[in-house]
Amino acid sequence: MNKLPLHEPCPCGSGKEYGQCCGRVNGFQLLYFHRGKRSHYGALIEKCIGDLLKYAKRYFVNWDVKARAKFLAASQAQEVTQQFIPVFWEWYVVDYRPFKDVSPLIDFYLAENEDAITQQEKSLYTSLKNSHLSIYQVLWVQTNTVAIRDIFTNEESILERDFGSVTRLVEEGSLLLSRIIIINGVPIITGNPVFVYSEQKGYLYEEINSIRIYEKEDDIQAFLREQGHTICSFVMDLLNGIKKNQVKTRSFRLNEIDRKNVIEQIFHNSFFCLIDPNEPLLKFTWNQEEDRFKRLYLERNLLIVSAEDSEDLCLAINELSNMLGYKWDNGEMEDVWIYGVVTEDEEQTEEIQTEILFDRHLEEWLTLPHPALEDLTPVEALQDIRGRVLLEGMLNDLEIMEIRAGSRGEYYYPTSVIRNKLGVEKNKPYKELLRPEAIALKVEKHRAQQRLSPYITSYNWLNDGYVQVAIVIFDRFFSQHGNEERLAWLLYMWNEFTTVYYPCVSRLTYWIEALERTFSDQPEKNYDDGNVAREFGLSTLIVSKNAYLIAGHFQRFPLDFNLAVQEYPMWADLNFHRMIQTYDEIVQYMNAYAYMMEDQWNEREQEVYCAYYDQVNQYAYFWDDFRKKVYRAFFRDHFLLDDGHTEGNSVANQLWEKQASRFPPYLREAALQMMMSFVGIYRIFPFKNKELVFVDYFTGEHHKIVGHFGDDIHDYVVPGMIILCRLLPLTGGWMWINEPFFVVLEELEPLFEKN
């Protein structure tokens with residue numbers, strides 16, 4: 001039998017691949033498969049995958065939720081489509097690892113069931129462990145035989161032509177997303193492969209391979225095992241008509257002579273256009289008429305070229321190579337222009353890679369239509385008044401989302417960078433935004449979105465000065481019985497006026513008096529012009545000027561006083577689910593507050609961190625990743641809720657003083673309960689069918705517990721086991737067990753008791 005690989009050039013000189021020419025008609029290439037054996041192997045694969053799934057669902061509760069999120073992380077899809085569900089479950093039990101240093105589920109299963117599985121099943125599991133998801137191209141089809149080749153590894157296999165529901169679609173050139181395992185020397189495709197048209201081969205190869213280069217993974221087999229979910233994401237999006245071009249990057253190290261030469265030529269070459277002159281990373285683009293991401297970065301001793309399209313990348317590299325006196329068609333150039341960002345400093349490499357991602361994201365964001373801009377792009381929105389108003393509103397919303405993301409430790413693209421790119425400063429009263437038509441649009445938008453509320457947190461405020469005015473108004477009227485409606489209208493009016501005009505606030509009381517006067521000048525409101533001015537000791541003249549501005553606005557845009565004040569529930573009116581959600585909401589407020597005050601507390605946080613970790617033997621055998629993660633969560637809770645940062649006040653105390661004491665009643669109660677909570681020690685006992693009772697370790701007090709428990713929670717509880725956690729009260733004597741928590745293992749209890 002001829003052993004010439006099918007993808008090699010045919011020896012006959014036709015120029016075709018061997019598998020597409022003489023190898024195609026070679027009688028020795030035509031194989032027949034024993035149907036009984038194939039059916040047996042198929043049933044065995046199905047059984048083994050099924051056993052793995054049962055094991056995973058029983059012993060690894062909720063792992064599939066995180067796995068699903070990872071499977072979709074690189075995709076635009078919101079959920080795994082029906083076509084990909086079998087692929088997902090197979091990937092989950094064979095390849096998925098929640099952390100890099102954690103084995104896949106299949107390893108846990110084999111370790112626990114080594115004596116219970118047959119030798120044949122062991123062989124199959126070993127084959128599964130050694131396999132990977134990939135894209136295979138069909139080389140030829142003959143009778144019931146098909147030859148395929150992995151487009152990444154170039155490994156070839158000859159299979160029986162049986163691909164389930166897509167068999168009739170498979171022809172020469174077709175692409176299949178699947179997994180091939182070898183059992184007793186016979187290659188078998190698992191499950192039903194996903195069919196992809198041959199035209200997508202170049203796109204899939206280029207985009208997925210660019211990820212491998214970015215990840216600096218030379219072992220293609222290891223890469224495919226680790227990134228099977230990414231391959232699936234690309235195919236899933238492709239079948240939904242979505243193509244995501246990855247950024248391709250190459251680097252060129254500059255010596256001093258090359259640097260001087262290339263700088264002079266780049267600045268005098270019309271091919272490149274300078275877009276950011278800020279040191280130390282000069283940024284250029286090229287072919288500006290093409291609406292694609294293209295960047296040249298010039299660092300002190302490095303040239304970096306990045307583009308989505310390989311053709312764009314080659315154009316720039318060719319131009320730069322000519323400047324440097326190299327010829328791109330020279331084979332040595334592959335070694336000169338290195339894949340990816342390559343510097344001598346790992347931190348610098350990461351910074352440049354992040355900068356490239358920033359730029360690519362911004363470029364993409366600026367050229368996409370947005371529903372909030374009525375399907376205009378941000379660049380288009382700058383062209384007319386309505387778009388400009390909508391853009392300002394969207395940027396304000398993005399800034400709020402940026403704070404929330406930052407408070408959770410998540411990355412969110414800096415809105416300041418977007419504003420800088422668009423030339424739109426924050427809270428600056430641009431002339432076009434103060435034109436009558438722009439003001440009318442802003443008022444329309446504000447009144448369509450904003451409900452009438454007596455609570456400050458129901459409004460978005462553009463700066464802290466406006467919030468301080470709102471706080472004085474709230475504190476002045478909230479405790480006065482029957483003034484809730486008046487308070488709501490004053491806050492509503494102040495929020496609208498500041499959102500529209502961006503007034504400068506130096507003396508809070510002048511604006512408060514002006515608001516009072518405007519509100520009381522409404523029909524059937526008897527009001528003495530000098531009352532509040534006399535009370536605050538203010539200049540009536542200045543108050544009158546501010547009142548004139550506010551009154552003028554609400555005369556042009558009269559208020560609808562039939563609008564009902566928003567009502568809020570009391571804590572006792574909520575069910576358990578809503579109470580738990582409210583506690584989560586308070587945590588978000590607390591994190592956001594801590595994030596905004598981070599600069600003031602950085603030094604203090606380091607001190608608290610050192611003291612908190614000083615008690616831990618970080619070199620002990622038990623100090624693994626799981627315990628590190630739990631302990632970090634306990635520290636974060638301690639820093640927010642328990643540690644006295646300033647004058648003995650914790651973050652929770654300060655949040656109460658600044659914000660939470662002015663929350664709606666149900667939120668206020670939750671904030672108070674969280675502020676008063678503490679980490680306790682309890683013994684766990686089963687209760688009724690699926691419930692638990694926690695007994696306070698010190699006082700013996702009993703607490704009925706609500707938590708995210710499964711139906712089989714009692715199977716995992718050893719009566720009397722010890723748990724460290726923070727309990728938050730619900731109603732009727734029930735308590736919510738708030739994460740993080742830590743269960744003391746039975747063998748560690750004597751050590752725990754001793755210390």
# chains A, B, ... in the order shown; residues from 1 in each chain; ligands from 1
>>> residues_around(residues="Arg388 in chain A", least_positions_apart="5", cutoff="9 Å", atoms="only C-alpha atoms", output="list in words")
Leu373, Pro378, Ala381, Leu382, Gln383, Gly393, Glu432, Leu433 and Ala438 of chain A
>>> select_by_dssp(residues="range 436-519 of chain A", states="alpha helix (DSSP H)", output="mmCIF file with C-alpha atoms, in the first residue's frame")
data_model
loop_
_atom_site.group_PDB
_atom_site.id
_atom_site.type_symbol
_atom_site.label_atom_id
_atom_site.label_comp_id
_atom_site.auth_asym_id
_atom_site.auth_seq_id
_atom_site.Cartn_x
_atom_site.Cartn_y
_atom_site.Cartn_z
ATOM 1 C CA PRO A 436 -33.627 75.193 21.926
ATOM 2 C CA GLU A 437 -34.114 72.009 19.880
ATOM 3 C CA ALA A 438 -31.374 70.203 21.863
ATOM 4 C CA ILE A 439 -32.868 71.287 25.193
ATOM 5 C CA ALA A 440 -36.314 70.108 24.071
ATOM 6 C CA LEU A 441 -34.862 66.697 23.162
ATOM 7 C CA LYS A 442 -33.070 66.372 26.503
ATOM 8 C CA VAL A 443 -36.236 67.242 28.421
ATOM 9 C CA GLU A 444 -38.232 64.733 26.358
ATOM 10 C CA LYS A 445 -35.658 62.016 27.044
ATOM 11 C CA HIS A 446 -35.455 62.808 30.775
ATOM 12 C CA ARG A 447 -39.214 62.757 31.321
ATOM 13 C CA ALA A 448 -39.669 59.561 29.325
ATOM 14 C CA GLN A 449 -37.123 57.706 31.478
ATOM 15 C CA ASP A 464 -21.015 65.374 43.292
ATOM 16 C CA GLY A 465 -22.026 69.058 43.587
ATOM 17 C CA TYR A 466 -25.493 68.266 42.269
ATOM 18 C CA VAL A 467 -25.733 65.325 44.700
ATOM 19 C CA GLN A 468 -24.887 67.601 47.653
ATOM 20 C CA VAL A 469 -27.779 69.917 46.764
ATOM 21 C CA ALA A 470 -30.067 66.864 46.548
ATOM 22 C CA ILE A 471 -28.870 65.639 49.969
ATOM 23 C CA VAL A 472 -29.657 68.988 51.650
ATOM 24 C CA ILE A 473 -33.125 68.973 50.054
ATOM 25 C CA PHE A 474 -33.735 65.396 51.206
ATOM 26 C CA ASP A 475 -32.556 66.010 54.782
ATOM 27 C CA ARG A 476 -34.658 69.172 54.989
ATOM 28 C CA PHE A 477 -37.966 67.638 53.924
ATOM 29 C CA GLU A 484 -42.992 63.496 50.471
ATOM 30 C CA GLU A 485 -44.611 64.833 47.296
ATOM 31 C CA ARG A 486 -42.896 68.209 47.643
ATOM 32 C CA LEU A 487 -39.537 66.452 48.183
ATOM 33 C CA ALA A 488 -40.068 64.251 45.112
ATOM 34 C CA TRP A 489 -40.844 67.236 42.879
ATOM 35 C CA LEU A 490 -37.852 69.251 44.109
ATOM 36 C CA LEU A 491 -35.481 66.323 43.393
ATOM 37 C CA TYR A 492 -37.116 65.673 40.015
ATOM 38 C CA MET A 493 -36.824 69.347 38.985
ATOM 39 C CA TRP A 494 -33.218 69.636 40.179
ATOM 40 C CA ASN A 495 -32.200 66.457 38.343
ATOM 41 C CA GLU A 496 -33.815 67.633 35.093
ATOM 42 C CA PHE A 497 -32.358 71.149 35.324
ATOM 43 C CA THR A 498 -28.782 69.905 35.968
ATOM 44 C CA THR A 499 -29.018 67.229 33.269
ATOM 45 C CA VAL A 500 -30.061 69.835 30.688
ATOM 46 C CA TYR A 501 -27.890 72.866 31.600
ATOM 47 C CA LEU A 508 -25.850 74.979 47.588
ATOM 48 C CA THR A 509 -28.471 76.974 49.468
ATOM 49 C CA TYR A 510 -28.945 79.520 46.661
ATOM 50 C CA TRP A 511 -30.081 76.755 44.337
ATOM 51 C CA ILE A 512 -32.274 75.121 46.984
ATOM 52 C CA GLU A 513 -34.093 78.414 47.620
ATOM 53 C CA ALA A 514 -34.467 78.979 43.866
ATOM 54 C CA LEU A 515 -35.974 75.497 43.447
ATOM 55 C CA GLU A 516 -38.376 76.092 46.355
ATOM 56 C CA ARG A 517 -39.502 79.381 44.872
ATOM 57 C CA THR A 518 -40.064 77.865 41.416
ATOM 58 C CA PHE A 519 -42.064 74.958 42.833
#
>>> residues_around(residues="range 49-55 of chain A", least_positions_apart="4", cutoff="12 Å", atoms="only C-alpha atoms", output="ChimeraX atom specification")
/A:42-45,59-61,63-64,86-95,104-110,112-113,116-117,121,124-125,128-129,190-191
>>> select_by_dssp(residues="range 4-244 of chain A", states="strand (DSSP E)", output="PyMOL selection string")
chain A and resi 133-142+145-150+156-160+175-183+186-189+194-196
>>> write_last_selection(atoms="N, CA, C and O atoms", output="short mmCIF file (atom, residue, chain, number, x, y, z; two decimals), in the first residue's frame")
data_model
loop_
_atom_site.label_atom_id
_atom_site.label_comp_id
_atom_site.auth_asym_id
_atom_site.auth_seq_id
_atom_site.Cartn_x
_atom_site.Cartn_y
_atom_site.Cartn_z
N LEU A 133 -11.34 18.38 19.84
CA LEU A 133 -12.24 18.93 18.83
C LEU A 133 -11.41 19.65 17.78
O LEU A 133 -10.40 20.30 18.11
N SER A 134 -11.82 19.57 16.53
CA SER A 134 -11.08 20.27 15.48
C SER A 134 -11.98 20.43 14.25
O SER A 134 -13.13 19.97 14.23
N ILE A 135 -11.42 21.09 13.24
CA ILE A 135 -12.10 21.24 11.95
C ILE A 135 -11.42 20.29 10.96
O ILE A 135 -10.20 20.35 10.78
N TYR A 136 -12.22 19.43 10.34
CA TYR A 136 -11.70 18.45 9.38
C TYR A 136 -12.25 18.75 7.99
O TYR A 136 -13.44 19.06 7.84
N GLN A 137 -11.37 18.64 6.98
CA GLN A 137 -11.82 18.84 5.60
C GLN A 137 -11.86 17.49 4.89
O GLN A 137 -10.95 16.67 5.03
N VAL A 138 -12.93 17.30 4.13
CA VAL A 138 -13.10 16.06 3.37
C VAL A 138 -12.21 16.12 2.13
O VAL A 138 -12.32 17.04 1.31
N LEU A 139 -11.31 15.12 1.99
CA LEU A 139 -10.40 15.08 0.84
C LEU A 139 -11.03 14.38 -0.35
O LEU A 139 -10.88 14.81 -1.49
N TRP A 140 -11.70 13.25 -0.09
CA TRP A 140 -12.41 12.54 -1.16
C TRP A 140 -13.47 11.65 -0.55
O TRP A 140 -13.45 11.31 0.62
N VAL A 141 -14.44 11.32 -1.39
CA VAL A 141 -15.54 10.44 -0.98
C VAL A 141 -15.64 9.32 -2.01
O VAL A 141 -15.75 9.58 -3.21
N GLN A 142 -15.59 8.05 -1.56
CA GLN A 142 -15.74 6.90 -2.47
C GLN A 142 -16.63 5.86 -1.81
O GLN A 142 -16.29 5.32 -0.76
N THR A 145 -16.74 5.27 1.89
CA THR A 145 -15.47 5.63 2.54
C THR A 145 -15.17 7.11 2.31
O THR A 145 -15.39 7.64 1.22
N VAL A 146 -14.65 7.75 3.35
CA VAL A 146 -14.33 9.18 3.27
C VAL A 146 -12.94 9.41 3.86
O VAL A 146 -12.61 8.86 4.92
N ALA A 147 -12.14 10.21 3.17
CA ALA A 147 -10.84 10.61 3.70
C ALA A 147 -10.95 12.06 4.19
O ALA A 147 -11.47 12.92 3.48
N ILE A 148 -10.47 12.33 5.39
CA ILE A 148 -10.53 13.69 5.94
C ILE A 148 -9.16 14.08 6.48
O ILE A 148 -8.33 13.22 6.80
N ARG A 149 -8.94 15.40 6.60
CA ARG A 149 -7.68 15.89 7.14
C ARG A 149 -7.98 17.02 8.12
O ARG A 149 -8.76 17.92 7.83
N ASP A 150 -7.32 16.96 9.29
CA ASP A 150 -7.41 18.03 10.28
C ASP A 150 -6.72 19.27 9.69
O ASP A 150 -5.54 19.22 9.34
N GLU A 156 -4.32 12.87 8.72
CA GLU A 156 -5.35 12.34 7.82
C GLU A 156 -5.94 11.06 8.38
O GLU A 156 -5.27 10.28 9.07
N SER A 157 -7.22 10.86 8.11
CA SER A 157 -7.92 9.66 8.57
C SER A 157 -8.87 9.19 7.47
O SER A 157 -9.38 10.00 6.69
N ILE A 158 -9.10 7.88 7.43
CA ILE A 158 -10.09 7.32 6.51
C ILE A 158 -11.20 6.73 7.35
O ILE A 158 -10.97 5.88 8.23
N LEU A 159 -12.42 7.21 7.12
CA LEU A 159 -13.57 6.84 7.95
C LEU A 159 -14.67 6.23 7.11
O LEU A 159 -14.70 6.39 5.88
N GLU A 160 -15.61 5.59 7.79
CA GLU A 160 -16.82 5.17 7.10
C GLU A 160 -17.69 6.39 6.87
O GLU A 160 -17.75 7.30 7.71
N LEU A 175 -16.33 20.90 5.25
CA LEU A 175 -15.66 21.00 6.55
C LEU A 175 -16.58 20.43 7.63
O LEU A 175 -17.81 20.60 7.57
N LEU A 176 -15.99 19.75 8.59
CA LEU A 176 -16.75 19.15 9.69
C LEU A 176 -16.12 19.52 11.02
O LEU A 176 -14.91 19.35 11.20
N LEU A 177 -16.92 20.06 11.93
CA LEU A 177 -16.47 20.27 13.30
C LEU A 177 -16.80 19.00 14.08
O LEU A 177 -17.97 18.63 14.22
N SER A 178 -15.78 18.31 14.58
CA SER A 178 -16.05 17.06 15.29
C SER A 178 -14.81 16.63 16.07
O SER A 178 -13.82 17.35 16.16
N ARG A 179 -14.91 15.43 16.63
CA ARG A 179 -13.82 14.82 17.39
C ARG A 179 -13.60 13.43 16.82
O ARG A 179 -14.56 12.68 16.63
N ILE A 180 -12.35 13.06 16.57
CA ILE A 180 -12.02 11.72 16.09
C ILE A 180 -11.24 10.99 17.18
O ILE A 180 -10.28 11.53 17.73
N ILE A 181 -11.68 9.77 17.50
CA ILE A 181 -10.93 8.95 18.44
C ILE A 181 -10.48 7.67 17.73
O ILE A 181 -11.12 7.23 16.78
N ILE A 182 -9.37 7.11 18.20
CA ILE A 182 -8.82 5.89 17.61
C ILE A 182 -9.06 4.74 18.57
O ILE A 182 -8.57 4.75 19.70
N ILE A 183 -9.85 3.74 18.13
CA ILE A 183 -10.10 2.55 18.95
C ILE A 183 -9.55 1.33 18.21
O ILE A 183 -9.99 1.03 17.10
N VAL A 186 -8.71 1.88 14.70
CA VAL A 186 -9.78 2.33 13.80
C VAL A 186 -10.21 3.75 14.19
O VAL A 186 -10.62 3.98 15.32
N PRO A 187 -10.11 4.74 13.25
CA PRO A 187 -10.58 6.09 13.56
C PRO A 187 -12.10 6.16 13.49
O PRO A 187 -12.72 5.69 12.54
N ILE A 188 -12.72 6.73 14.53
CA ILE A 188 -14.18 6.86 14.58
C ILE A 188 -14.54 8.28 14.96
O ILE A 188 -13.94 8.86 15.89
N ILE A 189 -15.49 8.84 14.26
CA ILE A 189 -15.95 10.20 14.55
C ILE A 189 -17.04 10.10 15.62
O ILE A 189 -17.92 9.23 15.55
N VAL A 194 -20.74 18.79 13.04
CA VAL A 194 -21.40 20.02 12.57
C VAL A 194 -20.83 20.35 11.20
O VAL A 194 -19.60 20.46 11.03
N PHE A 195 -21.70 20.51 10.23
CA PHE A 195 -21.29 20.72 8.84
C PHE A 195 -21.02 22.21 8.59
O PHE A 195 -21.80 23.08 8.99
N VAL A 196 -19.90 22.51 7.89
CA VAL A 196 -19.54 23.88 7.52
C VAL A 196 -19.11 23.88 6.05
O VAL A 196 -18.44 22.95 5.60
#
>>> residues_around(residues="Met323 in chain A", least_positions_apart="5", cutoff="12 Å", atoms="only C-alpha atoms", output="ChimeraX atom specification")
/A:258-269,271,316-318,328
>>> residues_around(residues="Thr415 in chain A", least_positions_apart="5", cutoff="12 Å", atoms="only C-alpha atoms", output="list of chain:residue names")
A:Phe358, A:His361, A:Leu362, A:Trp365, A:Glu392, A:Met394, A:Leu395, A:Asn396, A:Asp397, A:Leu398, A:Glu399, A:Ile400, A:Met401, A:Glu402, A:Ile403, A:Asn420, A:Lys421, A:Leu422, A:Gly423, A:Val424, A:Glu425, A:Lys426
>>> closest_residue(among="A:Gln76, A:Phe634, A:Glu355, A:Cys232", to="Pro414 in chain A", atoms="only C-alpha atoms")
A:Glu355
>>> atom_distance(atom1="CA of Ile723 in chain A", atom2="CA of Tyr682 in chain A")
5.4 Å
>>> atom_distance(atom1="CA of Tyr548 in chain A", atom2="CA of Arg435 in chain A")
18.4 Å
